[in-house]
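Here the structure is laid out as structure tokens; the discussion comes afterwards.
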Amino acid sequence: MHLTSPGPNPRRRRRGAELRAALLDAAWEELMERGYAGLAFAAVADRAGTSRPVVNRHWATKDLLVRDAIGRVSDNFPLTDPDTGSLREDTVSLLEQLNGAFTMFATAMTAQLAAYFEETGTTPADLRASLIDERWALIESVTRRAVERGEIDGTKLTPRISRLPYDLLRHQVLMDMKPMPSQEIQEIVDTIYLPLIT
């Protein structure tokens with residue numbers, strides 16, 4: 001998924017959150033067009049309609065700028081608690097919500113970030129943890145409610161099984177580089193996930 005911005009902003013004085021957002025949007029666009037190795041502070045500044053010293057005042061290094069730019073894009077996909085009263089419907093809803101976030105993550109995992117991982121000594125799992133795992137509390141609350149309702153057997157709900165539908169979604173999106181069709185999300189829930197815990 002390639003999020004686009006209207007292009008370079010006219011040079012005007014911006015401060016605070018507005019300036020930071022413009023810089024992060026510009027950094028994301030540069031990352032998607034040039035990859036991590038080709039991303040330059042000067043190009044980010046030019047795209048955002050400001051100067052390089054402004055970028056340097058906010059981020060000391062390129063890896064920190066890129067991490068925050070990916071975080072900003074990830075924030076476009078917040079999770080909301082479906083709380084439908086059914087584990088199946090809750091899980092399908094959460095997977096549908098995460099479909100877009102995982103697609104964004106898959107885009108960022110291509111060659112654009114190969115140099116980032118090499119330079120920072122981190123892995124895709126490290127970046128995923130900072131973007132996706134912070135949402136895990138909501139996912140856990142969905143299964144906890146299902147156990148309390150007696151809908152599923154809590155003793156079967158191991159950490160690996162709890163993550164299984166989300167891992168399957170992430171894997172397919174990473175392989176296909178596009179969102180998973182809704183019918184396949186439902187198939188994961190109905191034929192793989194629920195039979196393991198009911």
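In the structure tokens, chains take the letters A, B, ... in the order shown, each chain's residues start at 1, and ligands count up from 1 in the order shown.
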Fewer than 5 positions away in the same chain doesn't count, so skip those; otherwise give me all residues within 8 Å of A:Gln112, counting only C-alpha atoms, as a ChimeraX atom specification. /A:31-32,34-37
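Distance-wise, atom CA of A:Thr191 and atom CA of A:Ala101 end up 23.6 Å apart.
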Quick one: pick out all alpha helix (DSSP H) residues within stretch 82-115 of chain A from a backbone DSSP run and write them as a PyMOL selection string. chain A and resi 87-108+114-115
Exercise: A:Leu164 partners within 8 Å, only C-alpha atoms, chain neighbours under 4 positions left out, as a ChimeraX atom specification: /A:160,168,193
Emit the selected residues as a PDB file, in the first residue's frame, including N, CA and C atoms.
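Written file, out-v2.pdb:
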ATOM      1  N   ARG A 160       0.466 -19.397  21.466  1.00  0.00           N
ATOM      2  CA  ARG A 160       0.629 -19.628  20.028  1.00  0.00           C
ATOM      3  C   ARG A 160      -0.724 -19.712  19.328  1.00  0.00           C
ATOM      4  N   LEU A 168      -1.356 -15.920  10.633  1.00  0.00           N
ATOM      5  CA  LEU A 168      -1.717 -16.380   9.290  1.00  0.00           C
ATOM      6  C   LEU A 168      -2.055 -15.204   8.379  1.00  0.00           C
ATOM      7  N   TYR A 193      -9.037 -21.644  13.455  1.00  0.00           N
ATOM      8  CA  TYR A 193      -8.926 -21.071  14.801  1.00  0.00           C
ATOM      9  C   TYR A 193      -9.969 -21.631  15.762  1.00  0.00           C
TER      10      TYR A 193
END
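For A:Phe102, the set of protein, DNA and RNA residues having any atom at most 10 Å away, when counting only C-alpha atoms and skipping those fewer than 5 positions along the same chain, is Met1, Ser74, Phe77, Leu95, Gln97, Thr107, Ala108, Arg128, Leu131, Ile132, Tyr166, Leu169, Arg170, His171, Gln172, Val173, Leu174, Met177, Lys178, Pro179 and Met180 of chain A.
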Among the residues A:Leu113, A:Thr155, A:Ala146, A:Ala45, the one that comes closest to A:Leu196 [using only C-alpha atoms]: A:Thr155
Using only C-alpha atoms, determine which residues lie at most 9 Å from stretch 61-67 of chain A, disregarding the query and same-chain residues fewer than 4 positions distant; provide the list as number ranges by chain. A: 23-24, 27-28, 31, 36, 39-41, 55-56, 71-72, 116, 119-120, 127
Expected file: the selected residues, all heavy atoms, as a compact mmCIF listing (two decimals), in the first residue's frame:
# COMPACT_ATOMS: atom_id res chain seq x y z
N LEU A 23 6.67 16.43 8.13
CA LEU A 23 7.99 15.81 7.96
C LEU A 23 7.89 14.29 7.88
O LEU A 23 8.56 13.65 7.07
CB LEU A 23 8.91 16.22 9.11
CG LEU A 23 9.33 17.69 9.14
CD1 LEU A 23 10.03 18.02 10.46
CD2 LEU A 23 10.23 18.03 7.96
N LEU A 24 7.04 13.71 8.73
CA LEU A 24 6.90 12.26 8.72
C LEU A 24 6.22 11.78 7.44
O LEU A 24 6.59 10.74 6.89
CB LEU A 24 6.11 11.80 9.95
CG LEU A 24 6.85 11.95 11.28
CD1 LEU A 24 5.93 11.60 12.45
CD2 LEU A 24 8.11 11.09 11.32
N ALA A 27 8.84 11.91 4.83
CA ALA A 27 9.81 10.82 5.01
C ALA A 27 9.24 9.50 4.49
O ALA A 27 9.96 8.71 3.86
CB ALA A 27 10.19 10.70 6.49
N TRP A 28 7.97 9.25 4.75
CA TRP A 28 7.34 8.02 4.25
C TRP A 28 7.36 7.97 2.73
O TRP A 28 7.69 6.95 2.12
CB TRP A 28 5.91 7.90 4.77
CG TRP A 28 5.16 6.74 4.18
CD1 TRP A 28 4.26 6.78 3.15
CD2 TRP A 28 5.28 5.36 4.55
NE1 TRP A 28 3.80 5.52 2.87
CE2 TRP A 28 4.41 4.63 3.72
CE3 TRP A 28 6.02 4.68 5.52
CZ2 TRP A 28 4.26 3.25 3.82
CZ3 TRP A 28 5.87 3.30 5.62
CH2 TRP A 28 5.01 2.60 4.78
N LEU A 31 10.81 7.27 1.56
CA LEU A 31 11.14 5.88 1.82
C LEU A 31 10.55 4.97 0.76
O LEU A 31 11.22 4.06 0.24
CB LEU A 31 10.63 5.48 3.21
CG LEU A 31 10.83 4.01 3.62
CD1 LEU A 31 12.32 3.70 3.79
CD2 LEU A 31 10.08 3.71 4.91
N TYR A 36 15.31 2.90 1.95
CA TYR A 36 16.02 3.44 3.10
C TYR A 36 17.39 3.99 2.72
O TYR A 36 17.78 5.07 3.15
CB TYR A 36 16.16 2.36 4.17
CG TYR A 36 16.87 2.83 5.42
CD1 TYR A 36 16.18 3.54 6.40
CD2 TYR A 36 18.22 2.57 5.61
CE1 TYR A 36 16.82 3.98 7.54
CE2 TYR A 36 18.87 3.00 6.76
CZ TYR A 36 18.17 3.71 7.71
OH TYR A 36 18.81 4.15 8.84
N LEU A 39 17.18 7.43 1.07
CA LEU A 39 16.47 8.50 1.76
C LEU A 39 17.47 9.50 2.33
O LEU A 39 18.44 9.12 2.98
CB LEU A 39 15.61 7.92 2.87
CG LEU A 39 14.69 8.90 3.62
CD1 LEU A 39 13.38 8.22 3.99
CD2 LEU A 39 15.36 9.43 4.88
N ALA A 40 17.24 10.79 2.08
CA ALA A 40 18.13 11.84 2.56
C ALA A 40 17.33 12.91 3.28
O ALA A 40 16.21 13.25 2.88
CB ALA A 40 18.90 12.47 1.40
N PHE A 41 17.89 13.45 4.36
CA PHE A 41 17.22 14.50 5.12
C PHE A 41 16.88 15.69 4.24
O PHE A 41 15.82 16.31 4.38
CB PHE A 41 18.10 14.94 6.29
CG PHE A 41 17.96 14.08 7.52
CD1 PHE A 41 17.49 12.78 7.45
CD2 PHE A 41 18.33 14.57 8.78
CE1 PHE A 41 17.36 11.99 8.58
CE2 PHE A 41 18.21 13.79 9.92
CZ PHE A 41 17.73 12.49 9.81
N VAL A 55 14.65 19.33 9.94
CA VAL A 55 14.56 17.87 10.08
C VAL A 55 15.56 17.40 11.14
O VAL A 55 15.22 16.59 12.01
CB VAL A 55 14.84 17.16 8.74
CG1 VAL A 55 14.66 15.66 8.90
CG2 VAL A 55 13.91 17.69 7.65
N ASN A 56 16.78 17.92 11.09
CA ASN A 56 17.81 17.52 12.05
C ASN A 56 17.47 17.88 13.48
O ASN A 56 17.90 17.19 14.41
CB ASN A 56 19.16 18.15 11.67
CG ASN A 56 19.79 17.49 10.46
OD1 ASN A 56 19.90 18.10 9.39
ND2 ASN A 56 20.21 16.24 10.61
N GLY A 71 5.66 4.46 12.03
CA GLY A 71 4.71 4.52 13.13
C GLY A 71 3.53 5.42 12.82
O GLY A 71 2.39 5.10 13.16
N ARG A 72 3.78 6.54 12.15
CA ARG A 72 2.69 7.45 11.80
C ARG A 72 1.73 6.79 10.82
O ARG A 72 0.51 6.90 10.95
CB ARG A 72 3.24 8.75 11.22
CG ARG A 72 2.15 9.69 10.68
CD ARG A 72 2.69 11.07 10.36
NE ARG A 72 1.79 11.82 9.53
CZ ARG A 72 0.68 12.43 9.96
NH1 ARG A 72 0.35 12.35 11.23
NH2 ARG A 72 -0.08 13.12 9.13
N TYR A 116 17.80 -0.56 6.31
CA TYR A 116 17.45 -0.14 7.68
C TYR A 116 17.78 -1.24 8.68
O TYR A 116 18.39 -1.01 9.71
CB TYR A 116 15.96 0.22 7.73
CG TYR A 116 15.41 0.42 9.13
CD1 TYR A 116 15.51 1.66 9.76
CD2 TYR A 116 14.79 -0.62 9.82
CE1 TYR A 116 15.00 1.85 11.04
CE2 TYR A 116 14.28 -0.44 11.08
CZ TYR A 116 14.38 0.80 11.69
OH TYR A 116 13.90 0.98 12.95
N GLU A 119 21.56 -1.65 9.02
CA GLU A 119 22.21 -0.56 9.75
C GLU A 119 21.89 -0.57 11.23
O GLU A 119 22.75 -0.30 12.07
CB GLU A 119 21.79 0.79 9.13
CG GLU A 119 22.41 2.01 9.81
CD GLU A 119 21.97 3.29 9.14
OE1 GLU A 119 22.18 3.43 7.91
OE2 GLU A 119 21.40 4.16 9.83
N THR A 120 20.65 -0.87 11.57
CA THR A 120 20.23 -0.80 12.97
C THR A 120 20.45 -2.10 13.72
O THR A 120 20.34 -2.13 14.95
CB THR A 120 18.74 -0.41 13.08
OG1 THR A 120 17.95 -1.40 12.41
CG2 THR A 120 18.50 0.96 12.44
N LEU A 127 10.54 -4.43 14.51
CA LEU A 127 9.70 -3.34 14.03
C LEU A 127 8.23 -3.67 14.21
O LEU A 127 7.44 -2.82 14.61
CB LEU A 127 10.02 -3.05 12.56
CG LEU A 127 9.30 -1.86 11.93
CD1 LEU A 127 9.57 -0.58 12.71
CD2 LEU A 127 9.73 -1.70 10.48
A:Ala60, A:Arg149, A:Glu118, A:Ser182 ranked by distance to A:Leu94, top pick (using only C-alpha atoms):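 Counting only C-alpha atoms, the residue closest to A:Leu94 is A:Ser182.
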